Amino acid sequence: MNPLQSALVALPVLLPLAAAGMSLALGRYADVQRLLGIGVLTANIVDALVLLDLADRGAPVVLHLGGWPPSVGIALVADRLAALLLLVSSVVMLAVLLYSIGQRVADYGRSRSSTTFHPMYLMLCAGVSLAYLTGDLFNLFVAFEIMLSSSYVLITRRTNAERVRAGMTYTIVSLVSSLLFITVIALVYAATGTVNLADLGRRVATLPSGLQVALGLLVVVVFGVKSAMVPLHFWLPDSYPTAPAPVTAVFAGLLTKVGVYALIRTQTLVFTHETTWVLMLAVAALTMLVGALGALAQNDLNRVLSFLLVSHIGYMLFGLGVYDAAGLTGVILYVIHHITVQATLFLVSGLITRHTGTVALSRMGGMARAKPLVAVLFALPALSLAGIPPFSGFVAKLALLRAGAGAGQWLAFATTAVVVLTSLLTLYAMARVWTRAFWGQVRAPEVDPDPDDELVIGTRSTSRPMVAASLVLVTATVAIAVLAGPLSAISGRAASDIMSGRNYTAAVLGGAHE
Amino acid sequence: MNLTMALVVAVLYSIGCYLLMQRSLMRVLLGIVVLGHGSNLLLQLVGGPPGRPALVGHAPPEAMSDPLPQAMALTAIVITFALSTFLLALAYRSWTLLGHDEVRDDVEDRRIRRLERRLVESEEDSAEDAEPEPEQREATR
């Protein structure tokens with residue numbers, strides 16, 4: 001492998017990490033800090049594009065850190081799946097950064113810098129990239145910790161009495177699942193003597209089947225907490241809505257999806273299944289229904305969106321439960337669609353609450369007349385989330401439905417029915433938001449109850465970068481629908497890659513272990 | 001792994017899990033610390049029986065202990081240590097802001113309880129004159 005190409009794999013992790021340190025040091029120069037963040041994230045997008053092209057043309061791009069031979073040292077691997085998700089995540093992270101810069105400038109003026117936000121945001125970015133790229137179970141734990149530690153700081157920044165407890169719940173739940181993760185790593189190492197994912201794939205297959213199932217289930221629990229699968233989802237709707245809009249957007253868009261990614265990676269590469277995975281199908285159906293019904297019972301706009309987020313995690317689990325190339329193609333398409341759409345919805349929710357001054361749907365009204373552009377920005381991703389053609393959600397859902405119908409197993413058929421039902425419930429939840437917030441009498445905005453907190457709802461002003469950033473993401477969701485052909489082709493190739501796992505293993509281990 | 005260490009790990013895990021289920025935030029925090037010790041110790045122990053330091057030239061490779069779990073345990077210890085510190089700071093913040101140290105019920109539970117109380121109140125209303133007590137309780141919360 002060309003060493004220059006290998007170096008590209010490290011950049012999405014190294015650049016944001018280095019920039020986070022610089023950003024902290026340059027904390028007094030607000031504009032430099034902002035430009036640094038934008039520059040690094042743009043570089044990440046370019047890098048992800050190149051990696052995707054390289055991985056799609058040939059074998060996965062691999063970097064052995066420190067030149068250690070495989071299964072002793074850590075390997076970073078960019079295959080089609082990792083590069084694709086890295087690309088989408090980088091685009092979303094850049095858009096959210098632009099939004100938050102716009103919000104900060106609108107609220108505090110251009111010269112006031114933020115010492116913690118930018119470094120922590122870049123750390124988060126490094127953690128997300130590392131989680132996608134790493135080929136090592138312990139390194140995956142480290143990636144999760146980098147990502148989660150910065151998210152703890154972001155969610156508890158400048159807390160008031162209301163938010164500190166929500167942040168506490170989030171931190172404790174994540175930490176407990178991380179401790180469980182360490183336990184799993186220890187047990188896996190005790191059983192196999194390696195933490196390299198490619199190597200694990202071979203060695204786990206030789207273990208007694210009871211041990212395989214037990215380890216596999218522990219891994220599902222660990223990533224189930226991180227990806228908010230029912231019944232391990234309880235922390236999400238309580239904690240996410242309490243953070244400022246851009247932070248919630250990036251958490252909702254990326255953090256849970258990184259959990260789903262880790263689940264896909266471990267369950268296809270290490271703990272493989274012969275046929276349809278019945279447990280995962282049942283969990284998926286439960287997740288979809290509980291999330292969607294929970295969303296219908298809410299009055300707080302952000303809580304509606306959080307419950308819908310939980311519900312739509314179920315779609316991805318469904319595709320994983322079907323466990324064939326078609327199902328995984330659907331999952332990959334759905335993850336791409338959902339990262340973009342969910343982040344957009346939370347950003348637009350931030351725009352809405354700045355005009356209404358409240359998150360309570362019962363106290364909103366008339367937004368469609370007062371702010372037609374915001375209404376359009378909300379309507380497009382909302383319809384997309386519900387899966388109305390011709391938006392991105394339709395493309396992804398169609399792929400999932402086809403996989404479910406083709407699985408030829410009664411539980412898969414039943415879950416496919418739940419998928420359709422949940423789409424209707426999503427549409428209903430979105431229609432409920434629409435009639436309450438956008439139709440009806442125009443209401444005067446409410447006074448911000450606490451102007452000092454970072455939530456800044458109800459300042460009546462939205463700066464142009466905020467709207468522009470939302471617009472970029474809405475355009476991205478439309479672009480996903482327009483590019484559905486090439487995207488589903490590459491998702492299909494990525495899915496058959498991870499189903500066979502041969503390319504990945506060969507690229508990481510080389511001929512040494514053959 | 002010998003029996004003593006296995007027992008120590010088991011005791012640490014059970015104490016940690018027990019403390020996690022407590023109502024007081026401080027005990028939850030201690031639970032995380034103890035559970036963290038348990039998992040780090042487990043990570044340390046999976047490398048096999050103790051051996052000589054893994055330095056080339058000091059001991060034959062067969063006599064060396066496995067350095068990989070040690071490196072991993074070291075990383076995990078640093079991470080759990082840092083996050084325990086962060087949690088302590090957060091607990092202190094929560095204590096100064098709220099003045100008490102109790103984990104609250106989650107939002108949905110509180111909503112259901114409120115709904116139930118309202119239901120009970122309306123039934124009492126229809127049966128006889130409403131007692132002022134439930135409303136007062138609501139106000140003090």
# chains A, B, ... in the order shown; residues from 1 in each chain; ligands from 1
$ interface_residues --of "chain A" --to "chain B" --cutoff "6 Å" --atoms "only C-alpha atoms" --output "ChimeraX atom specification"
/A:161,164,183,186,190
$ residues_around --residues "Tyr121 of chain A" --least-positions-apart "5" --cutoff "9 Å" --atoms "only C-alpha atoms" --output "list in words"
Pro16, Ala20, Gly37, Met93, Leu97, Thr116, Ala126, Ser150, Ser151, Leu154 and Val247 of chain A
$ residues_around --residues "segment 335-341 of chain A" --least-positions-apart "5" --cutoff "7 Å" --atoms "only C-alpha atoms" --output "ChimeraX atom specification"
/A:85,88,92,253-254,257,316,381,385,392-393,473,477
$ residues_around --residues "Ile352 of chain A" --least-positions-apart "2" --cutoff "12 Å" --atoms "only C-alpha atoms" --output "number ranges by chain"
A: 245, 301-302, 345-350, 354-361, 364-368, 370-378, 433-434, 437-438, 445, 456-462, 466-467, 470
$ atom_distance --atom1 "atom CA of Gly492 of chain A" --atom2 "atom CA of Thr329 of chain A"
5.0 Å
$ residues_around --residues "segment 259-265 of chain A" --least-positions-apart "3" --cutoff "8 Å" --atoms "only C-alpha atoms" --output "PyMOL selection string"
chain A and resi 131-132+219-220+223-224+226-227+255-256+268-270+313+316-317+320+498
$ residues_around --residues "Leu63 of chain A" --least-positions-apart "4" --cutoff "6 Å" --atoms "only C-alpha atoms" --output "list in words"
Ser6, Ala75 and Leu76 of chain A
$ closest_residue --among "A:Ile182, A:Ile146, A:Val310, A:Leu49" --to "Leu74 of chain B" --atoms "only C-alpha atoms"
A:Ile182
$ residues_around --residues "Arg111 of chain B" --least-positions-apart "6" --cutoff "12 Å" --atoms "only C-alpha atoms" --output "PyMOL selection string"
(chain A and resi 297-299) or (chain B and resi 105+117-118)
$ write_last_selection --atoms "C-alpha atoms" --output "compact mmCIF listing (two decimals), in the first residue's frame"
# COMPACT_ATOMS: atom_id res chain seq x y z
CA ALA A 297 -47.52 11.99 23.78
CA GLN A 298 -45.14 14.96 23.91
CA ASN A 299 -45.81 18.67 24.00
CA ASP B 105 -37.37 10.55 38.74
CA ARG B 117 -52.96 13.18 40.90
CA ARG B 118 -55.14 15.35 38.69
